[in-house]
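Listing of upload-v3.txt; format and content: compact mmCIF, C-alpha atoms and all ligand atoms.
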# COMPACT_ATOMS: atom_id res chain seq x y z
CA MET C 67 72.95 -10.23 50.96
CA ASN C 68 73.42 -10.04 54.71
CA THR C 69 70.38 -9.31 56.82
CA PHE C 70 72.18 -6.63 58.82
CA MET C 71 72.32 -4.48 55.72
CA ARG C 72 68.57 -4.04 55.96
CA GLN C 73 68.41 -3.06 59.62
CA SER C 74 66.19 -0.13 60.43
CA PRO C 75 68.14 3.09 60.98
CA PRO C 76 69.02 4.28 64.47
CA PRO C 77 66.52 6.72 65.99
CA GLU C 78 68.51 9.90 65.54
CA TRP C 79 70.70 11.07 62.72
CA PRO C 80 73.18 12.63 62.36
CA PRO C 81 74.53 10.96 65.49
CA GLU C 82 75.49 13.05 68.47
CA GLY C 83 79.04 14.28 68.40
CA VAL C 84 79.62 14.72 64.69
CA ALA C 85 82.96 16.48 64.74
CA ASP C 86 82.22 19.30 62.35
CA GLU C 87 79.74 20.56 59.84
CA SER C 88 81.35 19.07 56.77
CA ALA C 89 80.80 15.64 58.37
CA SER C 90 77.05 15.99 57.86
CA ARG C 91 77.65 16.73 54.20
CA ALA C 92 79.45 13.38 53.88
CA HIS C 93 76.32 11.53 55.03
CA VAL C 94 74.34 11.79 51.84
CA VAL C 95 73.10 8.20 52.13
CA LYS C 96 69.71 7.52 53.79
CA PRO C 97 69.74 8.54 57.45
CA GLY C 98 71.78 6.22 59.58
CA GLU C 99 72.25 3.57 56.93
CA LEU C 100 75.65 2.09 56.38
CA ASP C 101 76.20 2.11 52.62
CA LEU C 102 77.76 -1.23 51.68
CA SER C 103 76.90 -1.00 48.01
CA HIS C 104 80.48 -1.74 47.02
CA LYS C 105 80.74 -4.61 49.54
CA VAL C 106 83.57 -2.81 51.35
CA ILE C 107 82.87 -2.01 54.99
CA LEU C 108 86.17 -0.36 55.87
CA TYR C 109 88.44 1.51 53.55
CA LEU C 110 91.73 3.11 54.56
CA GLU C 111 93.86 4.92 52.01
CA ASP C 112 97.28 6.47 52.50
CA ILE C 113 96.83 6.94 56.23
CA THR C 114 99.82 8.59 57.88
CA VAL C 115 100.16 9.17 61.63
CA SER C 116 103.27 10.79 63.10
CA PHE C 117 104.31 11.04 66.72
CA ASP C 118 107.01 13.69 67.11
CA GLY C 119 108.15 13.11 63.55
CA PHE C 120 108.14 9.30 63.85
CA ARG C 121 105.73 7.71 61.39
CA ALA C 122 103.70 5.08 63.28
CA LEU C 123 101.56 4.69 60.14
CA ASN C 124 103.08 5.45 56.77
CA LYS C 125 100.62 5.67 53.87
CA LEU C 126 98.68 2.67 55.12
CA SER C 127 96.00 1.41 52.71
CA LEU C 128 93.60 -1.40 53.52
CA ALA C 129 90.11 -2.54 52.50
CA ILE C 130 87.89 -4.93 54.48
CA ASP C 131 84.84 -6.52 52.86
CA ALA C 132 81.47 -6.71 54.56
CA GLY C 133 81.34 -9.98 56.51
CA GLU C 134 85.07 -10.57 56.21
CA LEU C 135 87.28 -12.00 58.96
CA ARG C 136 90.70 -10.37 58.55
CA CYS C 137 93.82 -10.98 60.61
CA ILE C 138 96.47 -8.34 61.04
CA ILE C 139 99.92 -9.53 62.04
CA GLY C 140 103.27 -7.79 62.21
CA PRO C 141 106.21 -7.17 64.53
CA ASN C 142 105.88 -5.05 67.67
CA GLY C 143 105.69 -1.38 66.80
CA ALA C 144 104.37 -2.07 63.28
CA GLY C 145 101.40 0.23 63.89
CA LYS C 146 98.62 -2.30 64.48
CA THR C 147 97.16 -0.62 67.54
CA THR C 148 97.61 2.83 66.02
CA MET C 149 95.58 1.64 63.04
CA MET C 150 92.73 0.67 65.38
CA ASP C 151 93.06 4.05 67.11
CA VAL C 152 92.54 5.76 63.75
CA ILE C 153 89.52 3.60 62.86
CA THR C 154 87.84 4.33 66.19
CA GLY C 155 88.60 8.07 66.13
CA LYS C 156 90.99 7.98 69.08
CA THR C 157 93.85 9.21 66.89
CA ARG C 158 93.44 11.59 63.96
CA PRO C 159 95.63 10.84 60.96
CA ASP C 160 97.91 13.58 59.61
CA SER C 161 96.75 12.65 56.13
CA GLY C 162 94.81 9.99 54.28
CA THR C 163 91.20 8.84 54.15
CA ALA C 164 89.24 6.38 56.27
CA PHE C 165 85.69 5.40 55.35
CA PHE C 166 83.15 3.16 57.03
CA GLY C 167 80.97 1.92 54.21
CA GLN C 168 80.85 4.26 51.24
CA THR C 169 79.86 7.42 53.07
CA LEU C 170 80.96 7.69 56.69
CA ASP C 171 84.24 9.60 56.92
CA LEU C 172 85.84 8.26 60.09
CA THR C 173 88.41 11.06 60.21
CA ARG C 174 85.56 13.53 60.82
CA LEU C 175 83.53 11.65 63.41
CA THR C 176 84.08 11.62 67.18
CA GLU C 177 84.78 8.38 69.05
CA PRO C 178 81.19 8.07 70.37
CA ALA C 179 79.75 8.78 66.90
CA ILE C 180 81.95 6.04 65.41
CA ALA C 181 80.86 3.52 68.07
CA HIS C 182 77.27 4.58 67.46
CA ALA C 183 77.67 4.04 63.71
CA GLY C 184 78.53 0.38 64.39
CA ILE C 185 82.24 -0.08 65.11
CA GLY C 186 82.95 -2.00 68.33
CA ARG C 187 86.43 -2.37 69.78
CA LYS C 188 87.74 -4.94 72.20
CA PHE C 189 90.85 -3.88 74.07
CA GLN C 190 93.35 -6.40 75.40
CA LYS C 191 92.40 -6.30 79.06
CA PRO C 192 88.89 -7.46 79.93
CA THR C 193 86.82 -4.71 81.54
CA VAL C 194 83.74 -6.54 82.79
CA PHE C 195 81.84 -5.58 85.95
CA GLU C 196 83.23 -8.19 88.33
CA GLN C 197 80.47 -8.04 90.98
CA HIS C 198 77.71 -8.43 88.41
CA THR C 199 76.72 -11.75 86.89
CA ALA C 200 77.45 -12.62 83.26
CA PHE C 201 73.75 -12.04 82.47
CA GLU C 202 73.76 -8.64 84.20
CA ASN C 203 76.90 -7.58 82.33
CA LEU C 204 75.12 -8.21 79.03
CA GLU C 205 72.01 -6.46 80.34
CA LEU C 206 74.06 -3.39 81.27
CA ALA C 207 75.74 -3.38 77.85
CA MET C 208 72.36 -3.51 76.15
CA LYS C 209 70.98 -0.66 78.25
CA ALA C 210 74.07 1.43 77.58
CA ASP C 211 73.31 1.20 73.86
CA LYS C 212 72.42 4.77 72.97
CA ARG C 213 70.66 3.73 69.78
CA VAL C 214 67.86 2.30 71.88
CA ARG C 215 65.97 4.54 74.28
CA ARG C 216 65.80 2.77 77.61
CA THR C 217 66.62 3.60 81.17
CA LEU C 218 68.86 1.54 83.39
CA PHE C 219 65.86 0.74 85.59
CA ALA C 220 63.48 -0.32 82.84
CA ARG C 221 62.32 -3.93 83.14
CA LEU C 222 63.59 -6.37 80.58
CA SER C 223 61.11 -7.48 77.95
CA ASP C 224 60.93 -11.13 76.89
CA ASP C 225 62.66 -10.12 73.65
CA ASP C 226 65.52 -8.56 75.61
CA ARG C 227 65.89 -11.74 77.71
CA ASP C 228 65.92 -13.82 74.54
CA ARG C 229 68.63 -11.64 73.01
CA ILE C 230 70.78 -11.93 76.12
CA ALA C 231 70.25 -15.71 76.16
CA ASP C 232 71.26 -15.89 72.49
CA VAL C 233 74.47 -13.97 73.13
CA LEU C 234 75.22 -16.11 76.22
CA ARG C 235 74.94 -19.17 73.99
CA GLN C 236 77.16 -17.63 71.31
CA ILE C 237 79.90 -16.84 73.81
CA ARG C 238 79.49 -20.26 75.48
CA LEU C 239 78.48 -18.88 78.84
CA GLU C 240 74.90 -20.14 78.96
CA GLY C 241 75.85 -22.33 81.91
CA ALA C 242 77.45 -19.39 83.75
CA ALA C 243 74.68 -16.78 83.34
CA ASP C 244 74.27 -16.28 87.09
CA ARG C 245 77.94 -16.42 88.02
CA PRO C 246 79.59 -13.16 89.07
CA ALA C 247 81.96 -12.13 86.29
CA GLY C 248 84.80 -11.88 88.82
CA LEU C 249 84.66 -15.66 89.26
CA LEU C 250 84.95 -16.44 85.54
CA SER C 251 88.23 -17.65 84.00
CA HIS C 252 90.33 -15.16 82.02
CA GLY C 253 89.06 -16.63 78.75
CA GLN C 254 85.45 -16.50 79.89
CA LYS C 255 85.86 -12.85 80.87
CA GLN C 256 87.19 -12.11 77.39
CA TRP C 257 84.18 -13.86 75.83
CA LEU C 258 81.85 -11.94 78.12
CA GLU C 259 83.36 -8.68 76.98
CA ILE C 260 82.93 -9.74 73.36
CA GLY C 261 79.31 -10.54 74.27
CA MET C 262 78.93 -7.03 75.68
CA LEU C 263 80.09 -5.65 72.33
CA LEU C 264 77.67 -7.96 70.50
CA MET C 265 74.74 -6.59 72.51
CA GLN C 266 75.32 -3.32 70.63
CA GLU C 267 75.07 -5.17 67.29
CA PRO C 268 78.24 -3.73 65.75
CA ARG C 269 78.78 -4.15 62.02
CA LEU C 270 82.55 -4.13 62.44
CA LEU C 271 84.44 -5.60 65.40
CA LEU C 272 88.07 -4.69 66.11
CA LEU C 273 89.87 -7.14 68.39
CA ASP C 274 93.40 -6.43 69.62
CA GLU C 275 95.21 -9.62 70.70
CA PRO C 276 92.02 -11.34 71.90
CA VAL C 277 93.60 -14.69 72.85
CA ALA C 278 96.61 -13.36 74.80
CA GLY C 279 96.71 -15.24 78.12
CA MET C 280 94.11 -17.83 77.08
CA THR C 281 94.58 -21.59 77.42
CA ASP C 282 94.88 -23.61 74.19
CA ASP C 283 91.34 -24.85 74.65
CA GLU C 284 89.98 -21.32 75.15
CA THR C 285 91.97 -20.14 72.11
CA GLU C 286 90.37 -22.85 69.95
CA ARG C 287 86.90 -21.94 71.18
CA THR C 288 87.57 -18.27 70.49
CA ALA C 289 88.52 -19.12 66.90
CA GLU C 290 85.21 -20.99 66.54
CA LEU C 291 83.35 -18.01 67.96
CA PHE C 292 84.98 -15.55 65.54
CA VAL C 293 84.36 -17.82 62.55
CA SER C 294 80.70 -18.02 63.59
CA LEU C 295 80.46 -14.22 63.86
CA ALA C 296 81.93 -13.58 60.40
CA GLY C 297 79.34 -13.02 57.71
CA LYS C 298 76.88 -11.26 59.98
CA HIS C 299 79.70 -9.06 61.33
CA SER C 300 83.03 -8.02 59.85
CA LEU C 301 86.02 -8.69 62.09
CA VAL C 302 89.53 -7.24 62.15
CA VAL C 303 91.70 -9.28 64.50
CA VAL C 304 95.24 -8.34 65.55
CA GLU C 305 97.03 -11.42 66.84
CA HIS C 306 100.47 -12.96 67.31
CA ASP C 307 99.31 -16.54 67.91
CA MET C 308 99.81 -18.20 64.52
CA ALA C 309 97.83 -21.35 65.41
CA PHE C 310 94.92 -19.05 66.16
CA VAL C 311 95.39 -17.07 62.93
CA GLU C 312 95.47 -20.34 61.03
CA ALA C 313 92.26 -21.53 62.72
CA LEU C 314 90.51 -18.31 61.70
CA GLY C 315 91.33 -19.12 58.09
CA GLY C 316 90.79 -15.63 56.66
CA LYS C 317 92.99 -13.30 54.65
CA VAL C 318 96.07 -12.08 56.53
CA THR C 319 97.60 -8.61 56.29
CA VAL C 320 101.18 -8.13 57.45
CA LEU C 321 101.97 -4.66 58.75
CA CYS C 322 105.52 -3.43 59.04
CA GLU C 323 106.78 0.07 59.79
CA GLY C 324 103.34 1.52 59.38
CA SER C 325 102.37 0.09 56.01
CA VAL C 326 101.19 -3.14 54.43
CA LEU C 327 104.10 -5.44 53.69
CA ALA C 328 102.12 -8.43 52.39
CA GLU C 329 98.58 -9.68 52.13
CA GLY C 330 97.04 -13.07 51.31
CA ASP C 331 96.30 -16.40 52.93
CA LEU C 332 98.49 -17.33 55.89
CA ALA C 333 100.59 -19.88 54.00
CA SER C 334 101.46 -17.43 51.23
CA VAL C 335 102.42 -14.56 53.55
CA GLN C 336 104.48 -16.94 55.72
CA ALA C 337 106.37 -18.03 52.60
CA ASP C 338 107.00 -14.43 51.53
CA PRO C 339 110.73 -13.66 51.87
CA ARG C 340 110.03 -10.05 52.94
CA VAL C 341 107.80 -11.32 55.75
CA ILE C 342 110.38 -13.89 56.83
CA GLU C 343 112.98 -11.13 56.92
CA VAL C 344 111.00 -8.81 59.19
CA TYR C 345 110.21 -11.64 61.60
CA LEU C 346 113.59 -13.37 61.59
CA GLY C 347 116.10 -11.17 59.80
CA ARG C 348 116.94 -8.61 62.45
P1 LIG N 401 101.85 -2.34 67.41
O1 LIG N 401 100.46 -2.32 67.98
O2 LIG N 401 101.92 -2.87 66.01
O3 LIG N 401 102.83 -3.03 68.30
P2 LIG N 401 101.71 0.53 67.84
O4 LIG N 401 100.65 0.99 66.93
O5 LIG N 401 101.35 0.40 69.28
O6 LIG N 401 102.35 -0.82 67.29
O7 LIG N 401 102.93 1.52 67.77
C1 LIG N 401 103.54 1.91 66.55
C2 LIG N 401 104.67 2.84 66.86
O8 LIG N 401 104.16 4.10 67.26
C3 LIG N 401 105.58 2.36 67.99
O9 LIG N 401 106.90 2.69 67.64
C4 LIG N 401 105.10 3.16 69.17
O10 LIG N 401 106.15 3.37 70.09
C5 LIG N 401 104.64 4.45 68.52
N1 LIG N 401 103.53 5.08 69.26
C6 LIG N 401 102.30 4.56 69.40
N2 LIG N 401 101.50 5.39 70.10
C7 LIG N 401 102.27 6.47 70.41
C8 LIG N 401 102.04 7.71 71.13
N3 LIG N 401 100.85 7.99 71.65
N4 LIG N 401 103.07 8.56 71.23
C9 LIG N 401 104.26 8.29 70.69
N5 LIG N 401 104.55 7.17 70.01
C10 LIG N 401 103.58 6.27 69.86
MG MG N 402 99.61 -3.23 69.70
Starting from the file, give its structure as structure tokens.
Amino acid sequence: MNTFMRQSPPPEWPPEGVADESASRAHVVKPGELDLSHKVILYLEDITVSFDGFRALNKLSLAIDAGELRCIIGPNGAGKTTMMDVITGKTRPDSGTAFFGQTLDLTRLTEPAIAHAGIGRKFQKPTVFEQHTAFENLELAMKADKRVRRTLFARLSDDDRDRIADVLRQIRLEGAADRPAGLLSHGQKQWLEIGMLLMQEPRLLLLDEPVAGMTDDETERTAELFVSLAGKHSLVVVEHDMAFVEALGGKVTVLCEGSVLAEGDLASVQADPRVIEVYLGR
């Protein structure tokens, strides 16, 4: 069993910003606890999203296990980013269900409440504070964590410093702690932003094209980082770079026209004639 399943609950529950009253009725589990009793951390069923009649997601169903590292691939326009928008509450589905653990109905929670419940999202473009050092960026991310009551001016405890040092090591920036983020390479900025997410101790990380623009060496190191995060965290990674997907080694889901076309290890989906057709056949 993963240790994060036994974390103490956040200080307040229900979280701020629960979208409506029926949402509170869905949280019958112990206050603030993510219910992973069925080992599934994310469960989407028959999710449909339409934009002016066009179905960006079409009865999409998907289940991610706790601790899993899942890759999502698929042609442009397949609905990958829209799927992440649904999971994070940015887009409401027209129909279908989306659960985080057994009990948290994502279609009824606001974006801040979903982040607060433990879903962290990394967008494509790094958004670090360029004038601040790598260390300070992680410090700011930690202090912005609403689950912990602190002020921006509170002094760091030794424990806080240790946590920041741990994350700096994880993201391979321990030698660049005092460097302004603006002077880091593109890859290092991406790692720093992942570190900022990690400061909030998310259970599920969503990463949209994380290695776009990285050097081969940075891409390899990013794969190592993600593999090391799996287990403690669950990761859903959207990526086009097949060498990277291969290095991650997890199950691969192929999206096409808003639904799952194929699922399995990379070799089996790459050998699937339907997958070959959507990538090469048009
Ligand atoms: P992917 O990330 O797989 O490339 P997207 O999820 O971004 O695909 O987009 C899926 C489809 O939905 C595309 O055809 C896109 O043009 C359309 N789409 C996405 N967001 C919107 C929006 N806000 N309004 C209208 N159409 C959208
Ligand atoms: Mg996209």
With all atoms listed in the file counted, collect every polymer residue having an atom within 9 Å of ligand LIG 401 (chain N); state the result as a PyMOL selection string. chain C and resi 115-118+120-123+139-151+157+274+304+321-324
Å distance separating atom CA of Cys137 of chain C from atom CA of Glu312 of chain C, one decimal place: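 Value for the atom CA of Cys137 of chain C-atom CA of Glu312 of chain C distance: 9.5 Å.
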Counting all atoms listed in the file, figure out which residue out of C:Thr199, C:Ser294, C:Ser251, C:Gln190 gets nearest to ligand MG 402 (chain N).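 Using all atoms listed in the file, ligand MG 402 (chain N) sits closest to C:Gln190.
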Using all atoms listed in the file, determine which residues lie at most 9 Å from Leu272 of chain C, disregarding the query and same-chain residues fewer than 5 positions distant; provide the list as a PDB file with C-alpha atoms, in the coordinates of the input.
ATOM      1  CA  MET C 150      92.730   0.670  65.380  1.00  0.00           C
ATOM      2  CA  ILE C 185      82.240  -0.080  65.110  1.00  0.00           C
ATOM      3  CA  GLY C 186      82.950  -2.000  68.330  1.00  0.00           C
ATOM      4  CA  ARG C 187      86.430  -2.370  69.780  1.00  0.00           C
ATOM      5  CA  LYS C 188      87.740  -4.940  72.200  1.00  0.00           C
ATOM      6  CA  PHE C 189      90.850  -3.880  74.070  1.00  0.00           C
ATOM      7  CA  SER C 300      83.030  -8.020  59.850  1.00  0.00           C
ATOM      8  CA  LEU C 301      86.020  -8.690  62.090  1.00  0.00           C
ATOM      9  CA  VAL C 302      89.530  -7.240  62.150  1.00  0.00           C
ATOM     10  CA  VAL C 303      91.700  -9.280  64.500  1.00  0.00           C
ATOM     11  CA  VAL C 304      95.240  -8.340  65.550  1.00  0.00           C
TER      12      VAL C 304
END
Nearest to ligand MG 402 (chain N), restricted to only C-alpha atoms and all ligand atoms and choosing among C:Arg340, C:His306, C:Arg229, C:Arg235, comes out as C:His306
Could you give me the centre and size, in Å to one decimal, of an axis-aligned box around all listed atoms of segment 317-326 of chain C with 4 Å added on every side, as AutoDock Vina command-line options?
--center_x 99.9 --center_y -5.9 --center_z 57.1 --size_x 21.8 --size_y 22.8 --size_z 13.4
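In this structure, atom CA of Leu206 of chain C sits 20.2 Å away from atom CA of Gly253 of chain C.
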Residue nearest ligand MG 402 (chain N) - candidates C:Pro159, C:Gly297, C:Pro276, C:Gly316, atoms counted: only C-alpha atoms and all ligand atoms: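 Answer, going by the shortest atom-to-atom distance: C:Pro276.
Checking C:Leu239, C:Leu273, C:Leu314, C:Ala296 one by one against ligand MG 402 (chain N), counting only C-alpha atoms and all ligand atoms, you find the shortest gap at C:Leu273.
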Which is closer to Lys317 of chain C than all the others in C:Asp226, C:Asp101, C:Glu284, C:Asp131, using all atoms listed in the file? C:Asp131
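You can rank C:Leu263, C:Ala278, C:Ala164, C:Ala337 by their closest distance to ligand MG 402 (chain N) using all atoms listed in the file, and at the top of that list sits C:Ala278.
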Shell around Phe166 of chain C at 9 Å using only C-alpha atoms, local window under 6 positions removed, as a list in words: Leu100, Asp101, Leu102, Val106, Ile107, Leu108, Tyr109, Leu110, Ile153, Leu172, Ile180, Ala183 and Ile185 of chain C
Rounded to one decimal in Å, what is the spacing between atom CA of Met280 of chain C and atom CA of Gly248 of chain C?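 If I compute the distance from atom CA of Met280 of chain C to atom CA of Gly248 of chain C, I get 16.1 Å.
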Spatial neighbours of Glu111 of chain C, max dist 6 Å, only C-alpha atoms, sep filter under 5 positions, as a ChimeraX atom specification: /C:127,162-163
The residues within 12 Å of (100.4, -11.6, 48.2), using all atoms listed in the file and the coordinates of the file, should be reported as a ChimeraX atom specification; which are they? /C:317-320,326-341
Taking (76.7, -4.4, 78.4) in the file's coordinates, which residues come within 10 Å, counting only C-alpha atoms, written as a ChimeraX atom specification? /C:194-195,200-211,230,258-266
